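Trainee: Next comes entry.cif, mmCIF, C-alpha atoms and all ligand atoms:
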```cif
data_query
loop_
_atom_site.label_atom_id
_atom_site.label_comp_id
_atom_site.auth_asym_id
_atom_site.auth_seq_id
_atom_site.Cartn_x
_atom_site.Cartn_y
_atom_site.Cartn_z
CA MET A 1005 0.00 0.00 0.00
CA VAL A 1006 1.16 3.52 -0.85
CA THR A 1007 0.44 6.22 1.76
CA LEU A 1008 0.68 9.83 0.78
CA LEU A 1009 0.54 13.04 2.82
CA ALA A 1010 -0.61 16.12 0.86
CA VAL A 1011 -0.33 19.77 1.91
CA GLU A 1012 -2.06 22.85 0.44
CA SER A 1013 -1.23 26.46 1.41
CA SER A 1014 -1.54 28.52 -1.80
CA CYS A 1015 -4.02 31.08 -0.49
CA ASP A 1016 -5.94 31.46 2.78
CA GLU A 1017 -6.67 27.83 3.58
CA SER A 1018 -4.11 25.60 5.31
CA ALA A 1019 -4.99 22.01 4.46
CA ALA A 1020 -3.55 18.52 4.90
CA ALA A 1021 -4.80 15.14 3.72
CA LEU A 1022 -3.72 11.55 4.04
CA LEU A 1023 -4.42 9.22 1.12
CA SER A 1024 -3.73 5.62 0.26
CA ILE A 1025 -3.36 3.75 -3.01
CA LYS A 1026 -4.29 0.11 -2.59
CA ALA A 1027 -4.93 -2.31 -5.47
CA GLY A 1028 -5.15 0.68 -7.83
CA GLU A 1029 -7.78 2.41 -5.69
CA ILE A 1030 -7.14 5.90 -4.29
CA THR A 1031 -8.78 6.58 -0.91
CA VAL A 1032 -8.78 9.67 1.28
CA LEU A 1033 -8.04 8.37 4.81
CA ALA A 1034 -8.25 11.75 6.59
CA GLU A 1035 -8.34 15.44 5.73
CA GLU A 1036 -8.38 18.80 7.51
CA ILE A 1037 -8.88 22.38 6.37
CA SER A 1038 -8.03 25.32 8.58
CA SER A 1039 -9.69 28.40 7.07
CA GLN A 1040 -8.39 31.92 7.67
CA VAL A 1041 -11.58 33.66 6.51
CA LYS A 1042 -12.25 35.22 9.93
CA LEU A 1043 -8.70 36.62 10.15
CA HIS A 1044 -8.83 38.39 6.77
CA GLU A 1045 -12.46 39.50 6.97
CA ALA A 1046 -11.51 42.60 8.95
CA TYR A 1047 -9.20 43.77 6.13
CA GLY A 1048 -11.71 43.23 3.29
CA GLY A 1049 -9.34 40.83 1.52
CA ILE A 1050 -6.42 38.49 2.04
CA VAL A 1051 -3.30 40.00 3.67
CA PRO A 1052 -0.48 37.83 2.23
CA GLU A 1053 1.95 38.20 5.16
CA LEU A 1054 -0.71 37.32 7.72
CA ALA A 1055 -1.80 34.36 5.61
CA ALA A 1056 1.76 33.04 5.38
CA ARG A 1057 2.25 33.32 9.15
CA GLU A 1058 -1.01 31.44 9.75
CA HIS A 1059 0.16 28.64 7.45
CA LEU A 1060 3.42 28.40 9.40
CA LYS A 1061 1.41 27.98 12.59
CA ASN A 1062 -1.31 25.67 11.22
CA LEU A 1063 0.49 23.25 8.90
CA PRO A 1064 2.21 21.21 11.68
CA LEU A 1065 -1.06 21.06 13.66
CA ILE A 1066 -3.30 19.83 10.84
CA THR A 1067 -0.60 17.44 9.62
CA ASP A 1068 -0.44 15.86 13.10
CA SER A 1069 -4.20 15.69 13.13
CA VAL A 1070 -4.59 13.80 9.81
CA LEU A 1071 -1.74 11.42 10.75
CA ASN A 1072 -3.48 10.68 14.07
CA GLN A 1073 -6.85 10.17 12.40
CA GLY A 1074 -5.31 7.82 9.83
CA LYS A 1075 -3.24 6.08 12.57
CA ILE A 1076 -0.13 6.54 10.46
CA GLN A 1077 3.28 7.83 11.51
CA LEU A 1078 5.53 10.00 9.35
CA LYS A 1079 8.05 7.15 9.09
CA ASP A 1080 5.34 4.94 7.50
CA LEU A 1081 4.60 7.34 4.62
CA THR A 1082 5.55 6.46 1.04
CA ALA A 1083 5.55 9.98 -0.39
CA LEU A 1084 4.60 13.63 0.11
CA ALA A 1085 2.73 16.07 -2.13
CA VAL A 1086 2.50 19.84 -1.96
CA THR A 1087 0.97 22.69 -3.95
CA CYS A 1088 3.82 24.58 -5.69
CA GLY A 1089 1.64 27.19 -7.47
CA PRO A 1090 -0.09 29.22 -8.69
CA GLY A 1091 -0.88 31.24 -5.58
CA LEU A 1092 0.54 33.74 -3.10
CA LYS A 1093 4.31 33.28 -3.12
CA GLY A 1094 4.83 33.63 0.65
CA CYS A 1095 2.00 31.18 1.33
CA LEU A 1096 3.30 28.65 -1.19
CA LEU A 1097 6.77 28.90 0.39
CA MET A 1098 5.34 27.92 3.78
CA GLY A 1099 3.92 24.71 2.31
CA THR A 1100 6.89 23.78 0.13
CA ASN A 1101 9.45 24.45 2.91
CA PHE A 1102 7.39 22.53 5.46
CA VAL A 1103 7.21 19.54 3.13
CA LYS A 1104 10.90 19.81 2.17
CA GLY A 1105 11.74 19.53 5.87
CA LEU A 1106 9.64 16.37 6.26
CA ALA A 1107 11.14 14.92 3.07
CA LEU A 1108 14.68 15.47 4.36
CA ALA A 1109 13.95 14.12 7.82
CA TYR A 1110 12.15 10.98 6.64
CA ASN A 1111 13.85 10.50 3.27
CA LEU A 1112 10.61 10.75 1.29
CA PRO A 1113 9.97 11.68 -2.35
CA VAL A 1114 7.84 14.83 -2.92
CA LEU A 1115 5.48 15.53 -5.82
CA GLY A 1116 4.95 19.25 -6.53
CA ILE A 1117 1.37 19.80 -7.68
CA ASN A 1118 -0.28 22.64 -9.63
CA HIS A 1119 -3.21 24.06 -7.64
CA ILE A 1120 -5.46 24.23 -10.74
CA GLU A 1121 -4.70 20.58 -11.48
CA GLY A 1122 -5.83 19.81 -7.93
CA HIS A 1123 -9.13 21.64 -8.44
CA ILE A 1124 -9.73 19.84 -11.74
CA PHE A 1125 -9.16 16.39 -10.25
CA SER A 1126 -11.34 17.13 -7.20
CA CYS A 1127 -14.17 16.27 -9.62
CA MET A 1128 -12.70 12.80 -10.25
CA LEU A 1129 -12.06 12.31 -6.55
CA ASP A 1130 -15.78 12.80 -5.89
CA ASN A 1131 -17.12 11.20 -9.12
CA LYS A 1132 -15.20 7.98 -9.74
CA GLU A 1133 -17.07 7.40 -13.04
CA LEU A 1134 -15.48 10.55 -14.53
CA GLN A 1135 -12.40 9.74 -16.65
CA PRO A 1136 -10.41 11.88 -19.13
CA PRO A 1137 -10.75 13.20 -21.75
CA PHE A 1138 -13.04 15.93 -20.42
CA LEU A 1139 -13.39 19.70 -20.35
CA ALA A 1140 -12.56 21.35 -17.03
CA LEU A 1141 -14.10 24.68 -16.04
CA VAL A 1142 -12.18 26.03 -13.03
CA VAL A 1143 -13.97 28.92 -11.31
CA SER A 1144 -12.48 30.22 -8.09
CA GLY A 1145 -11.49 33.42 -6.33
CA GLY A 1146 -8.21 33.59 -8.22
CA HIS A 1147 -8.78 31.60 -11.41
CA THR A 1148 -11.27 31.25 -14.24
CA GLU A 1149 -10.36 29.00 -17.13
CA ILE A 1150 -11.43 26.11 -19.33
CA GLN A 1151 -8.89 23.37 -20.01
CA LEU A 1152 -9.20 20.30 -22.21
CA VAL A 1153 -7.91 17.49 -19.97
CA LYS A 1154 -6.49 14.67 -22.09
CA GLU A 1155 -4.97 12.76 -19.17
CA ILE A 1156 -3.20 13.67 -15.92
CA GLY A 1157 -0.42 16.09 -16.94
CA SER A 1158 -1.70 16.76 -20.48
CA TYR A 1159 -3.80 19.89 -20.95
CA GLU A 1160 -4.87 22.28 -23.69
CA LEU A 1161 -5.99 25.78 -22.72
CA ILE A 1162 -9.38 26.64 -24.24
CA ALA A 1163 -10.14 29.92 -22.43
CA ARG A 1164 -8.77 31.92 -19.52
CA THR A 1165 -9.74 35.21 -17.90
CA LYS A 1166 -7.95 38.32 -19.10
CA ASP A 1167 -8.66 40.18 -15.85
CA ASP A 1168 -10.72 39.17 -12.83
CA ALA A 1169 -11.80 35.67 -11.83
CA ALA A 1170 -15.49 34.72 -11.49
CA GLY A 1171 -15.11 34.53 -7.69
CA GLU A 1172 -13.61 38.02 -7.64
CA ALA A 1173 -16.60 39.31 -9.65
CA PHE A 1174 -18.88 37.76 -7.01
CA ASP A 1175 -16.80 39.09 -4.10
CA LYS A 1176 -16.39 42.64 -5.46
CA SER A 1177 -20.12 42.91 -6.23
CA ALA A 1178 -20.91 41.55 -2.78
CA ASN A 1179 -18.62 44.16 -1.26
CA LEU A 1180 -20.48 46.95 -3.11
CA LEU A 1181 -23.72 45.50 -1.70
CA GLY A 1182 -22.27 45.72 1.82
CA PHE A 1183 -21.29 42.09 2.47
CA THR A 1184 -18.06 41.33 4.30
CA TYR A 1185 -15.23 39.55 2.45
CA PRO A 1186 -15.49 37.00 0.90
CA GLY A 1187 -19.08 37.83 -0.01
CA GLY A 1188 -19.62 35.48 -2.98
CA ALA A 1189 -21.60 32.83 -1.10
CA LYS A 1190 -23.54 35.50 0.86
CA LEU A 1191 -24.54 37.31 -2.34
CA ALA A 1192 -25.56 33.94 -3.85
CA ALA A 1193 -27.73 33.07 -0.83
CA LEU A 1194 -29.51 36.44 -1.05
CA ALA A 1195 -29.99 36.02 -4.82
CA ASP A 1196 -31.42 32.51 -4.35
CA SER A 1197 -33.88 33.74 -1.72
CA THR A 1198 -34.99 36.58 -4.00
CA ALA A 1199 -35.45 34.54 -7.20
CA LYS A 1200 -36.44 37.45 -9.44
CA SER A 1201 -35.27 40.91 -10.42
CA ARG A 1202 -36.47 44.06 -12.16
CA PHE A 1203 -32.85 44.67 -13.20
CA SER A 1204 -30.85 43.07 -15.94
CA LEU A 1205 -27.17 43.39 -16.70
CA PRO A 1206 -25.60 43.23 -20.17
CA LYS A 1207 -24.81 39.84 -21.71
CA VAL A 1208 -21.02 39.90 -21.81
CA MET A 1209 -18.17 37.90 -23.42
CA ARG A 1210 -20.20 37.00 -26.51
CA ASP A 1211 -17.55 37.76 -29.15
CA SER A 1212 -14.19 37.41 -27.32
CA ASP A 1213 -12.14 34.22 -26.95
CA GLY A 1214 -11.23 34.30 -23.26
CA PHE A 1215 -13.15 35.39 -20.19
CA SER A 1216 -13.24 39.03 -19.08
CA PHE A 1217 -15.19 40.34 -16.10
CA SER A 1218 -14.08 43.99 -16.22
CA GLY A 1219 -17.01 45.25 -18.35
CA LEU A 1220 -19.53 43.41 -16.22
CA LYS A 1221 -17.87 44.73 -13.07
CA THR A 1222 -18.29 48.31 -14.29
CA ALA A 1223 -21.95 47.67 -15.21
CA ILE A 1224 -22.58 46.16 -11.75
CA ALA A 1225 -20.86 49.10 -9.99
CA LEU A 1226 -22.97 51.55 -12.02
CA LEU A 1227 -26.20 49.68 -11.29
CA ILE A 1228 -25.46 49.65 -7.55
CA SER A 1229 -24.41 53.31 -7.37
CA LYS A 1230 -27.49 54.41 -9.37
CA ASN A 1231 -29.79 52.61 -6.93
CA LYS A 1232 -27.89 53.31 -3.71
CA GLY A 1233 -30.50 55.65 -2.22
CA GLU A 1234 -33.40 53.36 -3.07
CA ILE A 1235 -31.62 50.28 -1.67
CA SER A 1236 -31.49 51.86 1.79
CA ALA A 1237 -35.18 52.83 1.56
CA ASN A 1238 -36.25 49.46 0.14
CA PRO A 1239 -33.90 46.61 1.25
CA SER A 1240 -35.55 44.04 -1.05
CA LEU A 1241 -33.93 45.92 -3.96
CA ARG A 1242 -30.58 44.66 -2.66
CA GLY A 1243 -31.81 41.12 -3.26
CA GLU A 1244 -32.95 41.98 -6.76
CA ILE A 1245 -29.54 43.42 -7.59
CA ALA A 1246 -27.83 40.33 -6.12
CA TYR A 1247 -30.10 38.20 -8.31
CA ALA A 1248 -29.15 40.19 -11.45
CA VAL A 1249 -25.43 39.95 -10.59
CA GLN A 1250 -25.57 36.18 -10.08
CA GLU A 1251 -27.58 35.77 -13.31
CA ALA A 1252 -25.03 37.78 -15.30
CA ILE A 1253 -21.98 35.88 -13.98
CA VAL A 1254 -23.62 32.46 -14.33
CA ASP A 1255 -24.87 33.33 -17.82
CA ALA A 1256 -21.35 34.30 -18.95
CA LEU A 1257 -19.86 31.06 -17.56
CA GLN A 1258 -22.60 28.97 -19.16
CA PHE A 1259 -22.13 30.73 -22.51
CA LYS A 1260 -18.36 30.16 -22.55
CA LEU A 1261 -18.69 26.54 -21.51
CA SER A 1262 -21.32 25.84 -24.19
CA LYS A 1263 -19.01 27.42 -26.76
CA ALA A 1264 -16.10 25.23 -25.59
CA ILE A 1265 -18.28 22.09 -25.78
CA ALA A 1266 -19.34 23.03 -29.32
CA SER A 1267 -15.81 23.84 -30.52
CA THR A 1268 -14.10 20.76 -29.03
CA GLY A 1269 -16.95 18.24 -29.34
CA VAL A 1270 -16.10 17.08 -25.80
CA LYS A 1271 -19.33 16.65 -23.85
CA LYS A 1272 -17.99 15.54 -20.47
CA VAL A 1273 -17.36 18.51 -18.19
CA ALA A 1274 -15.79 18.83 -14.73
CA VAL A 1275 -16.59 22.10 -12.91
CA SER A 1276 -14.47 22.97 -9.86
CA GLY A 1277 -13.19 25.75 -7.58
CA GLY A 1278 -15.00 27.84 -4.97
CA VAL A 1279 -17.64 29.18 -7.38
CA SER A 1280 -18.62 25.62 -8.38
CA ALA A 1281 -20.48 25.58 -5.04
CA ASN A 1282 -22.92 28.11 -6.54
CA LEU A 1283 -26.34 26.44 -6.77
CA SER A 1284 -27.59 28.53 -9.68
CA LEU A 1285 -24.44 27.69 -11.68
CA ARG A 1286 -24.84 23.99 -10.83
CA ALA A 1287 -28.48 23.95 -11.97
CA ARG A 1288 -27.77 25.84 -15.20
CA LEU A 1289 -24.77 23.71 -16.21
CA LYS A 1290 -26.47 20.42 -15.32
CA ALA A 1291 -29.25 21.42 -17.73
CA LEU A 1292 -26.86 21.89 -20.69
CA PRO A 1293 -28.32 19.70 -23.44
CA GLY A 1294 -26.26 16.62 -24.34
CA ALA A 1295 -23.53 17.32 -21.76
CA ALA A 1296 -22.56 15.26 -18.70
CA VAL A 1297 -21.49 17.76 -16.03
CA PHE A 1298 -19.67 16.77 -12.83
CA PHE A 1299 -19.01 18.76 -9.63
CA PRO A 1300 -16.97 18.07 -6.50
CA THR A 1301 -18.78 17.73 -3.18
CA MET A 1302 -19.38 21.11 -1.53
CA ALA A 1303 -16.49 20.47 0.89
CA HIS A 1304 -14.08 19.98 -2.03
CA CYS A 1305 -15.14 23.13 -3.97
CA VAL A 1306 -12.99 25.31 -1.71
CA ASP A 1307 -9.23 24.87 -1.43
CA ASN A 1308 -8.38 21.53 0.19
CA ALA A 1309 -5.51 19.06 0.32
CA ALA A 1310 -7.49 15.94 -0.67
CA MET A 1311 -7.58 17.27 -4.26
CA ILE A 1312 -3.80 17.89 -4.20
CA GLY A 1313 -3.24 14.38 -2.84
CA TYR A 1314 -5.57 12.90 -5.44
CA ALA A 1315 -3.73 14.61 -8.33
CA ALA A 1316 -0.44 13.42 -6.80
CA ALA A 1317 -1.78 9.86 -6.46
CA LEU A 1318 -2.76 9.87 -10.17
CA ARG A 1319 0.73 11.10 -11.03
CA TRP A 1320 2.23 8.39 -8.76
CA GLN A 1321 0.16 5.77 -10.60
CA ALA A 1322 1.46 7.22 -13.89
CA GLY A 1323 5.03 6.50 -12.67
CA GLU A 1324 6.11 9.88 -11.29
CA ARG A 1325 8.39 9.71 -8.26
CA GLY A 1326 8.91 13.40 -7.51
CA ASP A 1327 12.38 13.98 -8.89
CA GLY A 1328 11.66 17.60 -9.97
CA ASP A 1329 12.63 20.76 -8.09
CA LEU A 1330 10.10 22.03 -5.57
CA ILE A 1331 9.88 25.66 -6.63
CA ALA A 1332 7.08 27.87 -5.30
CA ARG A 1333 5.65 29.65 -8.34
CA ALA A 1334 3.17 32.53 -7.98
CA ARG A 1335 2.34 32.07 -11.68
CA TRP A 1336 2.23 28.62 -13.22
CA PRO A 1337 -0.02 28.16 -16.26
CA LEU A 1338 -1.25 24.58 -16.16
CA GLU A 1339 -0.76 23.89 -19.87
CA ARG A 1340 2.99 24.59 -19.63
O1 LIG B 1 -11.35 27.85 -4.75
P1 LIG B 1 -11.43 28.89 -3.70
O2 LIG B 1 -11.67 28.46 -2.29
O3 LIG B 1 -10.12 29.76 -3.65
C1 LIG B 1 -9.32 30.05 -4.75
O4 LIG B 1 -8.53 29.17 -5.21
O5 LIG B 1 -9.47 31.21 -5.23
O6 LIG B 1 -12.56 29.94 -4.16
C2 LIG B 1 -13.02 30.97 -3.35
C3 LIG B 1 -14.02 31.82 -4.15
C4 LIG B 1 -14.38 33.14 -3.47
O7 LIG B 1 -14.31 34.17 -4.43
C5 LIG B 1 -15.81 32.90 -2.98
O8 LIG B 1 -16.57 34.08 -2.87
C6 LIG B 1 -16.34 32.02 -4.09
O9 LIG B 1 -15.26 31.12 -4.34
N1 LIG B 1 -17.54 31.29 -3.69
C7 LIG B 1 -18.76 31.47 -4.27
C8 LIG B 1 -19.66 30.60 -3.60
N2 LIG B 1 -18.96 29.93 -2.63
C9 LIG B 1 -17.67 30.36 -2.71
N3 LIG B 1 -19.15 32.26 -5.27
C10 LIG B 1 -20.45 32.20 -5.64
N4 LIG B 1 -21.36 31.40 -5.06
C11 LIG B 1 -21.02 30.58 -4.04
N5 LIG B 1 -21.92 29.80 -3.48
ZN ZN B 2 -8.31 27.26 -5.31
#
```
The structure given in the file should be rewritten as structure tokens.
Ligand code: KG4
Ligand code: ZN
Mentor:
Amino acid sequence: MVTLLAVESSCDESAAALLSIKAGEITVLAEEISSQVKLHEAYGGIVPELAAREHLKNLPLITDSVLNQGKIQLKDLTALAVTCGPGLKGCLLMGTNFVKGLALAYNLPVLGINHIEGHIFSCMLDNKELQPPFLALVVSGGHTEIQLVKEIGSYELIARTKDDAAGEAFDKSANLLGFTYPGGAKLAALADSTAKSRFSLPKVMRDSDGFSFSGLKTAIALLISKNKGEISANPSLRGEIAYAVQEAIVDALQFKLSKAIASTGVKKVAVSGGVSANLSLRARLKALPGAAVFFPTMAHCVDNAAMIGYAAALRWQAGERGDGDLIARARWPLER
């Protein structure tokens, strides 16, 4: 049996997971996520230095915890895996250095994993019937892209955002509506409870190749500032604006994904990342005619280490033994 410890620290979640590979089957034995949302909330966004210090404090604790839950000692591990990028450099360094230390002390190989690859394979972790080739739509706070996944390690970029990510569009709109950071899920909950709107935002991204949320962001900011006075007099208007915002973002994602399905002819789709928890997006994409659309469980939409461990386990099964350099990379396009 192969036992693998995976660590994720690319943004504001410290996470560790313990996985096994037995008779070709990959199983998550234990996993922990320590979220820093409360810490950064007061600043209206992630403070990289604070995030890095939190990782330094949390990584040993959650690693101990998953080892205890799995009843496995460090000396019994077969290999380690860690997110090397993309993400916040200081945060990535905390994870890679922590894992390098364990690797040296216990003489273990380490697989450096791309965070986007982890998100993509979280769909396979939670839907064992999903196998490549498939299209992957990754929608998170930092990333929005569509990749054609041929097999583990082989990707073709179909579309990527030129500016903001879908999660950022949610969070920035939520902030304008008075929600604390990160407001994406709060805006979505308000939109879902409103379920209609007198407002409509422009249909964006119809003619361009990649994603771009800047035009929509301006339209949302204008809509909110124009109705500011009325929102305070009539709070239900806030819900109607939230509804229009969610509709516009979900519509753009659905449009781009439909276009990618049509241009590639690939009808299997894996949707992942924080925004894949959005219920309206899930309903709209599941209804795409002729497509089979897969999502991770809600717990695996946000950053987690089980997805990093799963991608590493697939790479291990493909013969990789972690002989590359462990370099923390703030930017690391998956297709390269
Ligand atoms: O994948 P993730 O945890 O972190 C990154 O890798 O960026 O994604 C976090 C993002 C945030 O922007 C958050 O507001 C958004 O996912 N998010 C949502 C929902 N839940 C989380 N956005 C819309 N609807 C949701 N239900
Ligand atoms: Zn992520």
Trainee: So which residues touch Asp1196 in chain A within 12 Å, counting only C-alpha atoms, skipping near sequence neighbours fewer than 3 positions away, as a list in words?
Mentor: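 Near Asp1196 in chain A, the qualifying residues are Ala1189, Lys1190, Leu1191, Ala1192, Ala1193, Ala1199, Lys1200, Ser1201, Gly1243, Glu1244, Ile1245, Ala1246, Tyr1247, Ala1248, Val1249, Gln1250, Glu1251, Asn1282, Leu1283, Ser1284, Leu1285 and Ala1287 of chain A.
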Trainee: Hey, which residues come within 12 Å of ligand ZN 2 (chain B) if we count all atoms listed in the file? Could you give them as an NGL selection string?
Mentor: :A and (1012-1019 or 1087 or 1089-1092 or 1118-1126 or 1142-1148 or 1169 or 1171 or 1276-1280 or 1304-1309 or 1311-1312)
Trainee: So, counting only C-alpha atoms, which residue among A:Thr1184, A:Thr1301, A:Gln1040, A:Thr1198 is closest to Arg1242 in chain A?
Mentor: A:Thr1198
Trainee: Between CA of Phe1174 in chain A and atom C4 of ligand LIG 1 (chain B), what is the distance in Å, rounded to a tenth?
Mentor: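 Between CA of Phe1174 in chain A and atom C4 of ligand LIG 1 (chain B) the gap is 7.4 Å.
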Trainee: For the atom pair CA of Glu1036 in chain A and CA of Arg1335 in chain A, what is the interatomic distance in Å to one decimal place?
Mentor: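 CA of Arg1335 in chain A lies at a distance of 25.7 Å from CA of Glu1036 in chain A.
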Trainee: For a cutoff of 12 Å around the file-coordinate point (-15.5, 10.9, -7.6), which residues qualify once you count all atoms listed in the file? I'd like the result as a ChimeraX atom specification.
Mentor: /A:1029-1032,1124-1135,1274,1298-1301,1304,1310-1311,1314
Trainee: Find the residues around range 1152-1154 of chain A up to 7 Å (only C-alpha atoms counted), leave out those fewer than 4 positions away in its own chain, and share them as a ChimeraX atom specification.
Mentor: /A:1136-1140,1158-1162
Trainee: So that I can see what lies close to Arg1057 in chain A, please list as a list of chain:residue names the residues with an atom at most 10 Å from it, counting only C-alpha atoms and leaving out residues fewer than 5 positions away in the same chain.
Mentor: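 What passes the distance filter is A:Pro1052, A:Asn1062, A:Gly1094, A:Cys1095, A:Met1098.
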Trainee: Where atoms are missing, can you supply N, CA and C atoms for range 1005-1030 of chain A and output the lot as a PDB file, in the coordinates of the input?
Mentor:
```pdb
ATOM      1  N   MET A1005       0.843  -1.207   0.000  1.00  0.00           N
ATOM      2  CA  MET A1005       0.000   0.000   0.000  1.00  0.00           C
ATOM      3  C   MET A1005       0.879   1.257   0.000  1.00  0.00           C
ATOM      4  N   VAL A1006       0.470   2.232  -0.803  1.00  0.00           N
ATOM      5  CA  VAL A1006       1.160   3.520  -0.850  1.00  0.00           C
ATOM      6  C   VAL A1006       0.409   4.476   0.063  1.00  0.00           C
ATOM      7  N   THR A1007       1.103   5.169   0.964  1.00  0.00           N
ATOM      8  CA  THR A1007       0.440   6.220   1.760  1.00  0.00           C
ATOM      9  C   THR A1007       1.099   7.559   1.462  1.00  0.00           C
ATOM     10  N   LEU A1008       0.244   8.538   1.286  1.00  0.00           N
ATOM     11  CA  LEU A1008       0.680   9.830   0.780  1.00  0.00           C
ATOM     12  C   LEU A1008       0.134  10.951   1.661  1.00  0.00           C
ATOM     13  N   LEU A1009       0.993  11.866   2.063  1.00  0.00           N
ATOM     14  CA  LEU A1009       0.540  13.040   2.820  1.00  0.00           C
ATOM     15  C   LEU A1009       0.595  14.250   1.889  1.00  0.00           C
ATOM     16  N   ALA A1010      -0.547  14.960   1.761  1.00  0.00           N
ATOM     17  CA  ALA A1010      -0.610  16.120   0.860  1.00  0.00           C
ATOM     18  C   ALA A1010      -0.863  17.390   1.664  1.00  0.00           C
ATOM     19  N   VAL A1011      -0.217  18.482   1.212  1.00  0.00           N
ATOM     20  CA  VAL A1011      -0.330  19.770   1.910  1.00  0.00           C
ATOM     21  C   VAL A1011      -0.701  20.858   0.888  1.00  0.00           C
ATOM     22  N   GLU A1012      -1.630  21.728   1.296  1.00  0.00           N
ATOM     23  CA  GLU A1012      -2.060  22.850   0.440  1.00  0.00           C
ATOM     24  C   GLU A1012      -1.979  24.143   1.263  1.00  0.00           C
ATOM     25  N   SER A1013      -1.324  25.175   0.681  1.00  0.00           N
ATOM     26  CA  SER A1013      -1.230  26.460   1.410  1.00  0.00           C
ATOM     27  C   SER A1013      -1.117  27.614   0.419  1.00  0.00           C
ATOM     28  N   SER A1014      -1.779  27.509  -0.748  1.00  0.00           N
ATOM     29  CA  SER A1014      -1.540  28.520  -1.800  1.00  0.00           C
ATOM     30  C   SER A1014      -2.224  29.844  -1.540  1.00  0.00           C
ATOM     31  N   CYS A1015      -3.276  29.827  -0.696  1.00  0.00           N
ATOM     32  CA  CYS A1015      -4.020  31.080  -0.490  1.00  0.00           C
ATOM     33  C   CYS A1015      -4.346  31.231   0.994  1.00  0.00           C
ATOM     34  N   ASP A1016      -5.609  31.227   1.369  1.00  0.00           N
ATOM     35  CA  ASP A1016      -5.940  31.460   2.780  1.00  0.00           C
ATOM     36  C   ASP A1016      -6.518  30.238   3.464  1.00  0.00           C
ATOM     37  N   GLU A1017      -6.271  29.063   2.907  1.00  0.00           N
ATOM     38  CA  GLU A1017      -6.670  27.830   3.580  1.00  0.00           C
ATOM     39  C   GLU A1017      -5.438  26.971   3.799  1.00  0.00           C
ATOM     40  N   SER A1018      -5.167  26.586   5.075  1.00  0.00           N
ATOM     41  CA  SER A1018      -4.110  25.600   5.310  1.00  0.00           C
ATOM     42  C   SER A1018      -4.827  24.254   5.309  1.00  0.00           C
ATOM     43  N   ALA A1019      -4.311  23.304   4.521  1.00  0.00           N
ATOM     44  CA  ALA A1019      -4.990  22.010   4.460  1.00  0.00           C
ATOM     45  C   ALA A1019      -3.990  20.870   4.374  1.00  0.00           C
ATOM     46  N   ALA A1020      -4.372  19.743   4.978  1.00  0.00           N
ATOM     47  CA  ALA A1020      -3.550  18.520   4.900  1.00  0.00           C
ATOM     48  C   ALA A1020      -4.474  17.347   4.669  1.00  0.00           C
ATOM     49  N   ALA A1021      -3.989  16.349   3.957  1.00  0.00           N
ATOM     50  CA  ALA A1021      -4.800  15.140   3.720  1.00  0.00           C
ATOM     51  C   ALA A1021      -3.889  13.939   3.642  1.00  0.00           C
ATOM     52  N   LEU A1022      -4.440  12.821   4.071  1.00  0.00           N
ATOM     53  CA  LEU A1022      -3.720  11.550   4.040  1.00  0.00           C
ATOM     54  C   LEU A1022      -4.478  10.638   3.076  1.00  0.00           C
ATOM     55  N   LEU A1023      -3.759  10.081   2.104  1.00  0.00           N
ATOM     56  CA  LEU A1023      -4.420   9.220   1.120  1.00  0.00           C
ATOM     57  C   LEU A1023      -3.687   7.899   1.002  1.00  0.00           C
ATOM     58  N   SER A1024      -4.398   6.892   0.527  1.00  0.00           N
ATOM     59  CA  SER A1024      -3.730   5.620   0.260  1.00  0.00           C
ATOM     60  C   SER A1024      -4.034   5.185  -1.166  1.00  0.00           C
ATOM     61  N   ILE A1025      -3.098   4.413  -1.725  1.00  0.00           N
ATOM     62  CA  ILE A1025      -3.360   3.750  -3.010  1.00  0.00           C
ATOM     63  C   ILE A1025      -3.202   2.261  -2.729  1.00  0.00           C
ATOM     64  N   LYS A1026      -4.298   1.539  -2.894  1.00  0.00           N
ATOM     65  CA  LYS A1026      -4.290   0.110  -2.590  1.00  0.00           C
ATOM     66  C   LYS A1026      -5.008  -0.614  -3.720  1.00  0.00           C
ATOM     67  N   ALA A1027      -4.369  -1.570  -4.332  1.00  0.00           N
ATOM     68  CA  ALA A1027      -4.930  -2.310  -5.470  1.00  0.00           C
ATOM     69  C   ALA A1027      -5.493  -1.355  -6.523  1.00  0.00           C
ATOM     70  N   GLY A1028      -4.757  -0.276  -6.785  1.00  0.00           N
ATOM     71  CA  GLY A1028      -5.150   0.680  -7.830  1.00  0.00           C
ATOM     72  C   GLY A1028      -6.200   1.680  -7.372  1.00  0.00           C
ATOM     73  N   GLU A1029      -6.713   1.526  -6.169  1.00  0.00           N
ATOM     74  CA  GLU A1029      -7.780   2.410  -5.690  1.00  0.00           C
ATOM     75  C   GLU A1029      -7.220   3.523  -4.785  1.00  0.00           C
ATOM     76  N   ILE A1030      -7.596   4.754  -5.100  1.00  0.00           N
ATOM     77  CA  ILE A1030      -7.140   5.900  -4.290  1.00  0.00           C
ATOM     78  C   ILE A1030      -8.214   6.247  -3.269  1.00  0.00           C
TER      79      ILE A1030
END
```
